[in-house]
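Chemist: Input query-v4.txt, format and content: compact mmCIF, C-alpha atoms.
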```
# COMPACT_ATOMS: atom_id res chain seq x y z
CA MET A 27 86.65 56.47 206.34
CA ASP A 28 85.06 53.34 207.77
CA ASN A 29 87.55 50.54 208.39
CA TYR A 30 86.79 46.78 208.19
CA ASN A 31 88.63 43.45 208.30
CA ILE A 32 86.75 42.12 205.26
CA ILE A 33 84.65 43.91 202.68
CA ILE A 34 82.63 41.92 200.18
CA VAL A 35 81.46 43.75 197.07
CA GLY A 36 78.30 42.10 195.74
CA GLY A 37 75.23 41.11 197.75
CA GLY A 38 74.41 37.93 195.88
CA ALA A 39 74.74 34.22 196.64
CA ALA A 40 78.57 34.08 196.62
CA GLY A 41 78.96 37.30 198.62
CA PHE A 42 76.58 36.30 201.41
CA PHE A 43 77.95 32.76 201.65
CA THR A 44 81.49 34.12 201.99
CA ALA A 45 80.52 36.67 204.65
CA ILE A 46 78.59 34.18 206.79
CA ASN A 47 81.32 31.54 206.69
CA ALA A 48 84.08 34.05 207.43
CA ALA A 49 82.15 35.42 210.43
CA GLU A 50 81.48 31.91 211.73
CA ASN A 51 85.18 31.05 211.49
CA ASN A 52 86.15 34.22 213.34
CA PRO A 53 83.35 36.17 215.12
CA GLU A 54 85.82 38.99 215.98
CA LEU A 55 86.02 40.12 212.35
CA LYS A 56 84.30 43.30 211.24
CA ILE A 57 82.64 42.35 207.93
CA LEU A 58 80.71 44.51 205.43
CA ILE A 59 78.69 43.56 202.34
CA LEU A 60 78.30 46.31 199.72
CA GLU A 61 75.45 45.94 197.22
CA ARG A 62 74.87 48.37 194.34
CA GLY A 63 71.11 47.67 194.04
CA LYS A 64 68.22 48.46 196.37
CA GLU A 65 67.79 44.76 197.14
CA VAL A 66 70.23 41.96 197.96
CA LEU A 67 70.03 38.38 196.66
CA THR A 68 67.86 39.28 193.65
CA LYS A 69 69.18 36.41 191.53
CA VAL A 70 68.53 33.95 194.35
CA ARG A 71 64.94 35.19 194.45
CA VAL A 72 64.20 34.42 190.79
CA SER A 73 66.30 31.27 190.43
CA GLY A 74 64.50 28.01 189.69
CA GLY A 75 61.29 29.88 188.92
CA GLY A 76 61.26 31.45 192.38
CA ARG A 77 62.00 28.16 194.15
CA CYS A 78 65.83 28.52 194.26
CA ASN A 79 67.65 25.59 192.72
CA VAL A 80 70.26 25.39 195.53
CA THR A 81 72.46 22.61 194.12
CA HIS A 82 72.37 19.30 192.21
CA ALA A 83 72.37 15.76 193.59
CA GLU A 84 75.75 14.80 192.13
CA PHE A 85 78.15 13.62 194.84
CA ILE A 86 81.27 12.63 192.88
CA PRO A 87 83.64 15.57 192.19
CA ALA A 88 84.91 14.07 188.91
CA GLU A 89 81.31 13.84 187.65
CA LEU A 90 80.21 17.21 189.03
CA VAL A 91 82.98 19.12 187.19
CA LYS A 92 81.70 17.77 183.85
CA ARG A 93 78.73 20.16 184.15
CA TYR A 94 80.99 23.21 183.77
CA PRO A 95 81.84 24.19 180.16
CA ARG A 96 84.29 26.69 181.68
CA GLY A 97 85.92 25.84 185.03
CA GLU A 98 85.94 22.04 184.78
CA LYS A 99 89.67 21.65 185.49
CA GLU A 100 89.88 24.43 188.10
CA LEU A 101 86.93 23.26 190.23
CA ARG A 102 88.14 19.67 190.65
CA GLY A 103 90.32 20.50 193.70
CA PRO A 104 87.80 22.86 195.36
CA PHE A 105 84.98 20.30 194.98
CA HIS A 106 87.04 17.81 196.99
CA LYS A 107 86.92 20.32 199.87
CA PHE A 108 83.34 21.60 199.65
CA MET A 109 80.60 20.32 197.36
CA THR A 110 77.03 19.04 197.22
CA GLY A 111 76.98 17.02 200.44
CA ASP A 112 78.57 19.92 202.34
CA THR A 113 76.02 22.34 200.90
CA ILE A 114 73.14 20.12 202.03
CA GLY A 115 74.71 19.83 205.51
CA TRP A 116 75.32 23.59 205.71
CA PHE A 117 71.66 24.42 205.09
CA GLU A 118 70.42 21.58 207.34
CA GLU A 119 72.48 22.96 210.24
CA ARG A 120 70.51 26.16 209.78
CA GLY A 121 67.14 24.40 209.78
CA ILE A 122 66.64 24.24 206.01
CA GLU A 123 65.93 20.86 204.51
CA LEU A 124 66.50 20.30 200.79
CA LYS A 125 64.67 17.86 198.54
CA THR A 126 65.78 16.22 195.31
CA GLU A 127 63.62 16.21 192.19
CA GLU A 128 63.65 13.47 189.55
CA ASP A 129 66.15 15.33 187.35
CA GLY A 130 68.60 15.77 190.27
CA ARG A 131 67.87 19.44 190.97
CA MET A 132 67.67 20.27 194.67
CA PHE A 133 65.30 22.82 196.21
CA PRO A 134 64.28 23.85 199.72
CA VAL A 135 61.35 21.71 200.91
CA SER A 136 59.35 24.96 201.16
CA ASP A 137 59.65 25.39 197.35
CA SER A 138 60.38 29.06 197.98
CA SER A 139 63.58 31.03 197.41
CA GLN A 140 62.46 33.28 200.28
CA THR A 141 63.54 30.46 202.66
CA ILE A 142 67.15 30.81 201.47
CA ILE A 143 67.04 34.63 201.52
CA ASP A 144 65.60 34.66 205.08
CA CYS A 145 68.30 32.20 206.20
CA PHE A 146 71.12 34.40 204.84
CA LYS A 147 69.67 37.59 206.33
CA ARG A 148 69.10 35.88 209.70
CA GLU A 149 72.69 34.61 209.77
CA CYS A 150 74.05 38.08 208.93
CA LYS A 151 72.07 39.57 211.79
CA ARG A 152 73.24 36.87 214.21
CA LEU A 153 76.88 37.34 213.18
CA ASN A 154 76.79 41.19 213.09
CA ILE A 155 77.60 41.39 209.39
CA GLU A 156 76.84 44.85 208.06
CA ILE A 157 74.98 45.27 204.75
CA LYS A 158 74.91 48.55 202.83
CA ASN A 159 72.72 48.96 199.73
CA GLY A 160 72.96 51.47 196.88
CA GLN A 161 76.79 51.21 196.87
CA SER A 162 78.21 51.18 193.36
CA LEU A 163 81.96 50.47 193.17
CA LYS A 164 83.86 53.37 191.57
CA LYS A 165 87.53 52.92 192.57
CA LEU A 166 89.67 50.20 194.07
CA SER A 167 93.27 50.62 195.17
CA GLN A 168 95.81 49.17 197.59
CA GLN A 169 97.85 51.46 199.84
CA ASN A 170 100.30 50.29 202.52
CA GLY A 171 98.85 46.79 202.43
CA GLU A 172 95.29 48.06 202.87
CA TRP A 173 92.47 48.15 200.35
CA ARG A 174 90.70 51.46 199.67
CA ILE A 175 87.22 51.34 198.19
CA GLU A 176 85.42 54.31 196.76
CA THR A 177 81.69 53.95 195.97
CA ASN A 178 79.22 56.47 194.54
CA THR A 179 78.51 57.74 198.10
CA ASP A 180 81.21 56.57 200.55
CA ASN A 181 84.84 55.59 201.18
CA PHE A 182 85.88 52.41 202.98
CA SER A 183 89.10 50.63 203.84
CA SER A 184 89.72 46.97 204.56
CA GLU A 185 92.54 44.45 205.07
CA LYS A 186 90.90 41.97 202.72
CA ILE A 187 88.39 42.32 199.95
CA MET A 188 86.26 39.98 197.92
CA LEU A 189 84.61 40.80 194.60
CA ALA A 190 81.45 38.76 194.05
CA THR A 191 79.83 41.09 191.55
CA GLY A 192 78.82 38.52 188.91
CA SER A 193 79.09 39.58 185.28
CA ASN A 194 79.38 43.30 186.01
CA SER A 195 81.35 44.89 183.16
CA LYS A 196 82.25 48.01 185.20
CA VAL A 197 84.02 45.86 187.81
CA TRP A 198 85.74 43.84 185.06
CA ASN A 199 87.02 47.14 183.60
CA LEU A 200 88.41 48.17 187.01
CA LEU A 201 90.20 44.81 187.27
CA GLN A 202 91.63 45.17 183.78
CA LYS A 203 93.18 48.49 184.80
CA MET A 204 94.73 46.61 187.75
CA GLY A 205 96.36 44.12 185.38
CA HIS A 206 93.83 41.26 185.38
CA SER A 207 92.89 39.65 182.05
CA ILE A 208 89.17 39.47 181.33
CA VAL A 209 87.71 36.92 178.94
CA PRO A 210 84.95 38.86 177.10
CA ALA A 211 81.42 37.92 178.16
CA VAL A 212 79.04 36.15 175.81
CA PRO A 213 75.59 34.80 176.72
CA SER A 214 75.47 31.19 177.92
CA LEU A 215 72.12 29.51 178.82
CA PHE A 216 69.71 30.57 176.08
CA THR A 217 66.98 29.06 173.91
CA PHE A 218 66.90 28.81 170.10
CA ASN A 219 64.56 30.92 167.95
CA ILE A 220 63.20 28.71 165.16
CA ARG A 221 60.36 29.44 162.76
CA ASP A 222 59.36 26.17 161.13
CA PRO A 223 55.93 24.79 160.14
CA ARG A 224 56.81 21.42 161.72
CA ILE A 225 56.76 22.89 165.23
CA GLU A 226 54.46 25.86 164.63
CA ASN A 227 51.50 24.83 166.81
CA LEU A 228 53.28 22.45 169.17
CA ALA A 229 54.32 24.85 171.99
CA GLY A 230 54.49 23.02 175.32
CA ILE A 231 55.30 19.61 173.85
CA ALA A 232 58.44 17.95 175.23
CA SER A 233 60.26 14.86 174.01
CA ASP A 234 63.71 13.33 174.47
CA ALA A 235 66.02 14.16 171.58
CA GLU A 236 69.61 14.25 170.39
CA VAL A 237 70.63 17.63 168.95
CA LYS A 238 73.74 18.40 166.90
CA ILE A 239 74.92 21.74 165.56
CA ILE A 240 75.75 21.30 161.89
CA GLY A 241 79.32 22.27 161.05
CA GLU A 242 80.45 22.40 164.71
CA ASN A 243 81.62 19.61 167.00
CA LEU A 244 78.72 20.25 169.39
CA GLU A 245 75.99 17.85 170.41
CA SER A 246 73.76 17.16 173.37
CA SER A 247 70.81 15.03 174.41
CA GLY A 248 67.95 15.17 176.88
CA PRO A 249 64.42 16.57 177.04
CA LEU A 250 63.69 19.09 174.27
CA LEU A 251 60.81 21.52 174.79
CA ILE A 252 59.01 23.14 171.86
CA THR A 253 58.10 26.75 172.65
CA HIS A 254 56.21 29.59 170.94
CA TRP A 255 59.53 30.98 169.70
CA GLY A 256 61.38 27.75 168.91
CA MET A 257 63.14 25.19 171.10
CA SER A 258 64.25 25.06 174.73
CA GLY A 259 64.66 22.42 177.45
CA PRO A 260 67.83 20.78 178.83
CA ALA A 261 69.00 19.45 175.43
CA ILE A 262 69.06 22.98 173.98
CA LEU A 263 70.31 24.79 177.10
CA LYS A 264 73.26 22.39 177.42
CA LEU A 265 74.19 23.08 173.79
CA SER A 266 73.97 26.83 174.39
CA ALA A 267 76.32 26.54 177.38
CA TRP A 268 78.93 24.32 175.74
CA GLY A 269 78.73 26.27 172.48
CA ALA A 270 78.52 29.76 174.02
CA ARG A 271 81.58 31.10 172.18
CA GLU A 272 81.09 29.27 168.87
CA LEU A 273 77.41 30.25 168.59
CA ASN A 274 78.29 33.87 169.39
CA LYS A 275 80.77 33.83 166.48
CA LEU A 276 77.99 32.50 164.24
CA LYS A 277 75.81 35.46 165.37
CA TYR A 278 73.20 32.89 166.48
CA ASN A 279 72.40 31.83 162.90
CA PHE A 280 73.08 28.15 162.28
CA LYS A 281 71.39 24.82 161.57
CA ILE A 282 70.68 21.97 163.97
CA ASN A 283 70.03 18.28 163.36
CA VAL A 284 67.36 16.82 165.68
CA ASN A 285 66.97 13.09 166.27
CA TRP A 286 63.62 12.61 168.00
CA LEU A 287 64.50 8.94 168.66
CA PRO A 288 67.82 9.04 170.56
CA GLY A 289 70.05 6.05 170.01
CA TYR A 290 68.44 5.05 166.69
CA SER A 291 69.85 5.64 163.22
CA GLU A 292 67.87 6.48 160.09
CA ASN A 293 68.30 2.93 158.71
CA GLU A 294 67.25 1.26 161.97
CA ILE A 295 64.07 3.35 162.05
CA LEU A 296 63.39 2.61 158.37
CA ASP A 297 63.48 -1.13 159.16
CA LEU A 298 61.15 -0.63 162.14
CA LEU A 299 58.73 1.45 160.01
CA LYS A 300 58.56 -1.41 157.50
CA GLU A 301 57.62 -3.77 160.34
CA ILE A 302 54.96 -1.33 161.61
CA LYS A 303 53.59 -1.01 158.04
CA PHE A 304 53.19 -4.78 157.86
CA ALA A 305 51.64 -5.13 161.35
CA ASN A 306 49.25 -2.15 161.11
CA SER A 307 48.46 -2.21 157.40
CA LYS A 308 44.76 -1.28 157.76
CA GLN A 309 45.33 1.55 160.25
CA GLN A 310 45.73 5.25 159.41
CA VAL A 311 49.34 6.36 159.87
CA THR A 312 48.35 9.43 161.92
CA LYS A 313 45.87 7.52 164.10
CA ARG A 314 48.38 6.27 166.67
CA ALA A 315 51.75 7.79 167.54
CA GLN A 316 54.66 5.38 167.22
CA PHE A 317 57.89 5.16 169.29
CA GLU A 318 56.12 6.74 172.30
CA LEU A 319 56.33 10.18 170.70
CA PRO A 320 53.76 12.83 171.68
CA LYS A 321 50.80 12.38 169.31
CA ARG A 322 50.80 15.93 167.89
CA LEU A 323 54.56 15.77 167.23
CA TRP A 324 54.12 12.40 165.46
CA GLN A 325 51.31 13.80 163.29
CA SER A 326 53.40 16.86 162.37
CA LEU A 327 56.43 14.75 161.39
CA VAL A 328 54.17 12.44 159.34
CA SER A 329 52.62 15.35 157.46
CA SER A 330 56.04 16.92 156.78
CA SER A 331 57.08 13.58 155.22
CA ARG A 332 54.49 14.24 152.46
CA ILE A 333 52.04 11.72 153.92
CA LYS A 334 48.36 12.73 153.83
CA THR A 335 46.29 12.48 157.03
CA GLU A 336 43.90 9.77 155.76
CA ILE A 337 46.57 7.47 154.30
CA LYS A 338 46.85 3.92 155.70
CA TRP A 339 50.11 2.16 156.56
CA ALA A 340 49.61 -0.34 153.70
CA ASP A 341 49.55 2.48 151.13
CA LEU A 342 52.89 4.05 152.11
CA ASN A 343 55.49 3.88 149.35
CA LYS A 344 59.26 3.50 149.78
CA ASP A 345 59.96 7.26 149.44
CA GLN A 346 57.39 8.16 152.09
CA LEU A 347 58.89 5.63 154.53
CA MET A 348 62.36 7.06 153.86
CA ASN A 349 61.10 10.64 154.33
CA LEU A 350 59.48 9.69 157.62
CA SER A 351 62.60 7.93 158.95
CA LYS A 352 64.59 11.07 158.03
CA GLN A 353 62.16 13.41 159.84
CA LEU A 354 62.28 11.16 162.91
CA THR A 355 66.05 10.81 163.16
CA SER A 356 67.69 13.73 161.32
CA ALA A 357 65.32 16.65 160.97
CA ILE A 358 67.17 19.86 160.05
CA PHE A 359 65.99 23.13 161.60
CA ALA A 360 67.34 26.64 160.96
CA VAL A 361 68.07 28.69 164.10
CA GLU A 362 67.69 32.45 163.71
CA GLY A 363 68.60 34.13 166.97
CA LYS A 364 68.29 33.34 170.65
CA SER A 365 66.13 34.17 173.66
CA THR A 366 67.46 34.55 177.20
CA PHE A 367 66.49 31.70 179.50
CA LYS A 368 63.99 33.22 181.99
CA GLU A 369 65.61 35.68 184.40
CA GLU A 370 68.52 33.34 185.04
CA PHE A 371 70.86 35.19 182.74
CA VAL A 372 74.25 33.48 182.73
CA THR A 373 77.31 34.60 180.81
CA ALA A 374 80.48 32.83 179.76
CA GLY A 375 83.40 35.14 180.45
CA GLY A 376 85.12 36.89 183.33
CA ILE A 377 88.48 36.87 185.11
CA ASP A 378 90.98 34.61 183.38
CA LEU A 379 91.22 31.48 185.54
CA LYS A 380 95.04 31.33 185.22
CA GLU A 381 95.18 34.44 187.45
CA VAL A 382 93.38 32.85 190.43
CA ASN A 383 94.66 30.48 193.11
CA PHE A 384 91.90 27.86 193.37
CA LYS A 385 93.02 26.65 196.80
CA THR A 386 91.87 29.98 198.26
CA PHE A 387 90.14 31.84 195.37
CA GLU A 388 92.67 34.65 195.87
CA SER A 389 94.05 36.74 193.02
CA LYS A 390 97.56 35.71 191.97
CA LEU A 391 98.28 39.36 191.08
CA HIS A 392 97.05 41.16 194.21
CA LYS A 393 97.41 39.96 197.78
CA ASN A 394 94.20 39.86 199.87
CA LEU A 395 91.92 40.24 196.84
CA TYR A 396 89.48 37.34 196.44
CA PHE A 397 86.80 36.32 193.94
CA ALA A 398 83.78 34.02 193.93
CA GLY A 399 80.85 33.23 191.65
CA GLU A 400 80.26 34.43 188.12
CA ILE A 401 82.86 37.22 188.18
CA LEU A 402 85.25 34.38 187.25
CA ASN A 403 85.24 32.80 183.79
CA ILE A 404 83.27 29.86 185.19
CA ASP A 405 79.75 28.90 184.20
CA ALA A 406 77.64 25.77 184.19
CA ILE A 407 74.67 24.18 182.52
CA THR A 408 71.31 24.70 184.18
CA GLY A 409 70.33 22.65 187.25
CA GLY A 410 71.88 24.23 190.36
CA PHE A 411 75.50 24.02 189.23
CA ASN A 412 76.14 27.78 189.07
CA PHE A 413 75.04 28.09 192.70
CA GLN A 414 77.28 25.18 193.73
CA ASN A 415 80.24 27.06 192.22
CA ALA A 416 79.23 30.12 194.30
CA TRP A 417 78.97 28.10 197.55
CA THR A 418 82.29 26.31 196.99
CA GLY A 419 84.22 29.47 196.06
CA GLY A 420 82.65 31.43 198.90
CA TYR A 421 83.40 28.74 201.45
CA LEU A 422 87.07 28.32 200.50
CA ALA A 423 87.65 32.08 200.24
CA ALA A 424 86.03 32.56 203.67
CA GLN A 425 88.42 29.99 205.18
CA ALA A 426 91.41 31.82 203.68
CA MET A 427 90.17 35.30 204.59
CA SER A 428 89.30 34.55 208.21
```
Just give me the structure of the file as structure tokens.

Modeler:
Amino acid sequence: MDNYNIIIVGGGAAGFFTAINAAENNPELKILILERGKEVLTKVRVSGGGRCNVTHAEFIPAELVKRYPRGEKELRGPFHKFMTGDTIGWFEERGIELKTEEDGRMFPVSDSSQTIIDCFKRECKRLNIEIKNGQSLKKLSQQNGEWRIETNTDNFSSEKIMLATGSNSKVWNLLQKMGHSIVPAVPSLFTFNIRDPRIENLAGIASDAEVKIIGENLESSGPLLITHWGMSGPAILKLSAWGARELNKLKYNFKINVNWLPGYSENEILDLLKEIKFANSKQQVTKRAQFELPKRLWQSLVSSSRIKTEIKWADLNKDQLMNLSKQLTSAIFAVEGKSTFKEEFVTAGGIDLKEVNFKTFESKLHKNLYFAGEILNIDAITGGFNFQNAWTGGYLAAQAMS
């Protein structure tokens, strides 16, 4: 049986970050990463469309925690010890510069996730961290203060162990047998499937919007993207994250209210439409998009307000103006199902946060057992926040373990 000081189960972002930081803190440690797949860091490779959305340019802990539907309270302390600025510094020390995009997402200047993967592999080599692939965790037990790990092919022992296996149900089942409570997993970041003539031929069009889920206390705002299968974009993805449990209970069949003119009410828009009618009386309604809306979206909303293409502003009656103001500010769409957001599959669920010490990310039930990343019941909206949780947890666990 091979013996180690630290074994990390899970060769993803959290696992590698923990291993590298632990080895840096104490180069004498014998550290092993066990990965069940053929490849390590597969999620890092596909994240951000293959560019790796490393973190988000939010530098105030109290603001950063607001991006976590689950984990907001628990991450406040850890973010005071290691957060965005520390992440940027960590990568810069290793020769990797990050850049910030307009929406706050941060990527390597190279625009390639391979840069991050190469950095992690290089650091592991430099620090003599062992990596073994094709190792699926079968059994985990503690004997005489030492952890015993049985995989599909080998047996290992270690003083300390970290599980960074993401949303792996087999590992959750093992932990349940050891007394940990697991919050059942439901999908988080996903897009809404909507079949509606108003958006039928508008795939690729994006516009700012406010979206509310009818009958639930859930709303969000931001860019909304119309897709071939319905709606996506930050406004929708945020709703899917915050409403992960509620929408699961509804079996992903519900109605949403879309305001294409955020900040305006139906009555305010009705008054503005009356002014536009007076000012542009001789012009066709569909000729020019109003309120800076994309032209094809404007034309679709006009036609769904029972207004014919050739009609002029002067000829609009009161009902048509009211219909149009309703379509612009409170259009109701029926959602029938969901689609997973790219390859970045995120789940809400995992180890109950009450059973983890967030100063060290150690289990409160088992000494020398640590967790980081999505194995915990922590998840975030899209934009680099899930990775920041992995870096922070990995860093603090590494400090405690080494």

Chemist: May I ask which of the residues A:Tyr278, A:Phe359, A:Trp198, A:Phe317 is the closest one to A:Gly256, counting only C-alpha atoms?

Modeler: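 Among the listed residues, A:Phe359 lies closest to A:Gly256.
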
Chemist: I'd like the contact shell of A:Lys393 - 12 Å cut-off, all atoms listed in the file, skipping same-chain residues fewer than 2 positions apart - returned as an MDAnalysis selection string.

Modeler: chainID A and resid 167:173 185:188 381:383 386:391 395:397 426:427

Chemist: Check the smallest atom-to-atom distance from each of A:Phe42, A:Ile157, A:Leu379, A:Ala48 to A:Cys145 using all atoms listed in the file, then report the winner.

Modeler: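 The closest residue to A:Cys145 is A:Phe42.
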
Chemist: Counting all atoms listed in the file, I want the residues whose atoms come within 7 Å of (77.5, 44.8, 207.1) in the file frame, returned as a list in words.

Modeler: Ile57, Leu58, Ile59, Ile155, Glu156, Ile157 and Lys158 of chain A

Chemist: As a list in words, please: the residues near A:Gln161 (cut-off 8 Å, all atoms listed in the file, same-chain neighbours under 2 positions excluded).

Modeler: Leu60, Glu61, Arg62, Gly63, Lys158, Asn159, Leu163, Thr177, Asn178, Thr179 and Asp180 of chain A

Chemist: From the set A:Asn199, A:Thr366, A:Asn283, A:Ser207, which residue has the shortest atom-to-atom contact distance to A:Ile240, counting only C-alpha atoms?

Modeler: A:Asn283

Chemist: Using all atoms listed in the file, which of the listed residues (A:Ala424, A:Lys338, A:Ala49, A:Trp417) sits closest to A:Asn154?

Modeler: A:Ala49

Chemist: Choose the residue, out of A:Asp297, A:Glu118, A:Glu89, A:Glu242, that has the smallest atom-to-atom separation from A:Phe280; count only C-alpha atoms.

Modeler: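 Distance minimum relative to A:Phe280 lands on A:Glu242.
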
Chemist: For A:Glu50, list every protein, DNA or RNA residue within 12 Å, evaluated using only C-alpha atoms, and leave out those in the same chain fewer than 5 positions away; present the list as a ChimeraX atom specification.

Modeler: /A:43-45,55-57,116,149-150,152-155,421,424-425,427-428

Chemist: Counting all atoms listed in the file, find the residues whose atoms lie at most 8 Å from (86.2, 49.8, 193.9) (file coordinates) and write them out as a list in words.

Modeler: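 Here the neighbourhood of the point contains Leu163, Lys164, Lys165, Leu166, Ser167, Arg174, Ile175, Glu176, Thr177, Val197 and Leu200 of chain A.
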
Chemist: Create the file for the chosen residues now, containing C-alpha atoms and written as a PDB file, in the frame of the given file.

Modeler:
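That gives us again.pdb:
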```
ATOM      1  CA  LEU A 163      81.960  50.470 193.170  1.00  0.00           C
ATOM      2  CA  LYS A 164      83.860  53.370 191.570  1.00  0.00           C
ATOM      3  CA  LYS A 165      87.530  52.920 192.570  1.00  0.00           C
ATOM      4  CA  LEU A 166      89.670  50.200 194.070  1.00  0.00           C
ATOM      5  CA  SER A 167      93.270  50.620 195.170  1.00  0.00           C
ATOM      6  CA  ARG A 174      90.700  51.460 199.670  1.00  0.00           C
ATOM      7  CA  ILE A 175      87.220  51.340 198.190  1.00  0.00           C
ATOM      8  CA  GLU A 176      85.420  54.310 196.760  1.00  0.00           C
ATOM      9  CA  THR A 177      81.690  53.950 195.970  1.00  0.00           C
ATOM     10  CA  VAL A 197      84.020  45.860 187.810  1.00  0.00           C
ATOM     11  CA  LEU A 200      88.410  48.170 187.010  1.00  0.00           C
TER      12      LEU A 200
END
```

Chemist: So that I can check the surroundings of A:Gly410, please list as a list in words every protein, DNA and RNA residue that reaches within 10 Å of it, counting all atoms listed in the file and ignoring chain neighbours fewer than 4 positions away.

Modeler: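 So, after excluding close chain neighbours, the residues are Ser73, Gly74, Cys78, Asn79, Val80, Thr81, His82, Ala83, Gly130, Arg131, Met132, Phe133, Ala406, Gln414 and Asn415 of chain A.
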
Chemist: Nearest to A:Trp339: which of A:Leu90, A:Ala305, A:Leu327, A:Ala360 is it, counting only C-alpha atoms?

Modeler: A:Ala305

Chemist: Return stretch 220-231 of chain A, completed with N, CA and C atoms, as a PDB file, in the coordinates of the input.

Modeler:
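selection.pdb written:
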```
ATOM      1  N   ILE A 220      63.370  29.504 166.378  1.00  0.00           N
ATOM      2  CA  ILE A 220      63.200  28.710 165.160  1.00  0.00           C
ATOM      3  C   ILE A 220      61.781  28.927 164.638  1.00  0.00           C
ATOM      4  N   ARG A 221      61.688  29.347 163.369  1.00  0.00           N
ATOM      5  CA  ARG A 221      60.360  29.440 162.760  1.00  0.00           C
ATOM      6  C   ARG A 221      60.267  28.342 161.718  1.00  0.00           C
ATOM      7  N   ASP A 222      59.432  27.349 162.001  1.00  0.00           N
ATOM      8  CA  ASP A 222      59.360  26.170 161.130  1.00  0.00           C
ATOM      9  C   ASP A 222      57.960  25.577 161.236  1.00  0.00           C
ATOM     10  N   PRO A 223      57.310  25.313 160.090  1.00  0.00           N
ATOM     11  CA  PRO A 223      55.930  24.790 160.140  1.00  0.00           C
ATOM     12  C   PRO A 223      55.802  23.483 160.928  1.00  0.00           C
ATOM     13  N   ARG A 224      56.898  22.711 161.022  1.00  0.00           N
ATOM     14  CA  ARG A 224      56.810  21.420 161.720  1.00  0.00           C
ATOM     15  C   ARG A 224      56.554  21.568 163.222  1.00  0.00           C
ATOM     16  N   ILE A 225      56.943  22.727 163.782  1.00  0.00           N
ATOM     17  CA  ILE A 225      56.760  22.890 165.230  1.00  0.00           C
ATOM     18  C   ILE A 225      55.836  24.069 165.559  1.00  0.00           C
ATOM     19  N   GLU A 226      55.207  24.617 164.483  1.00  0.00           N
ATOM     20  CA  GLU A 226      54.460  25.860 164.630  1.00  0.00           C
ATOM     21  C   GLU A 226      53.413  25.851 165.745  1.00  0.00           C
ATOM     22  N   ASN A 227      52.586  24.829 165.813  1.00  0.00           N
ATOM     23  CA  ASN A 227      51.500  24.830 166.810  1.00  0.00           C
ATOM     24  C   ASN A 227      51.716  23.787 167.908  1.00  0.00           C
ATOM     25  N   LEU A 228      52.981  23.529 168.207  1.00  0.00           N
ATOM     26  CA  LEU A 228      53.280  22.450 169.170  1.00  0.00           C
ATOM     27  C   LEU A 228      53.861  22.978 170.487  1.00  0.00           C
ATOM     28  N   ALA A 229      53.733  24.290 170.766  1.00  0.00           N
ATOM     29  CA  ALA A 229      54.320  24.850 171.990  1.00  0.00           C
ATOM     30  C   ALA A 229      53.847  24.075 173.214  1.00  0.00           C
ATOM     31  N   GLY A 230      54.806  23.750 174.094  1.00  0.00           N
ATOM     32  CA  GLY A 230      54.490  23.020 175.320  1.00  0.00           C
ATOM     33  C   GLY A 230      54.760  21.529 175.224  1.00  0.00           C
ATOM     34  N   ILE A 231      55.013  21.041 174.012  1.00  0.00           N
ATOM     35  CA  ILE A 231      55.300  19.610 173.850  1.00  0.00           C
ATOM     36  C   ILE A 231      56.777  19.347 174.118  1.00  0.00           C
TER      37      ILE A 231
END
```
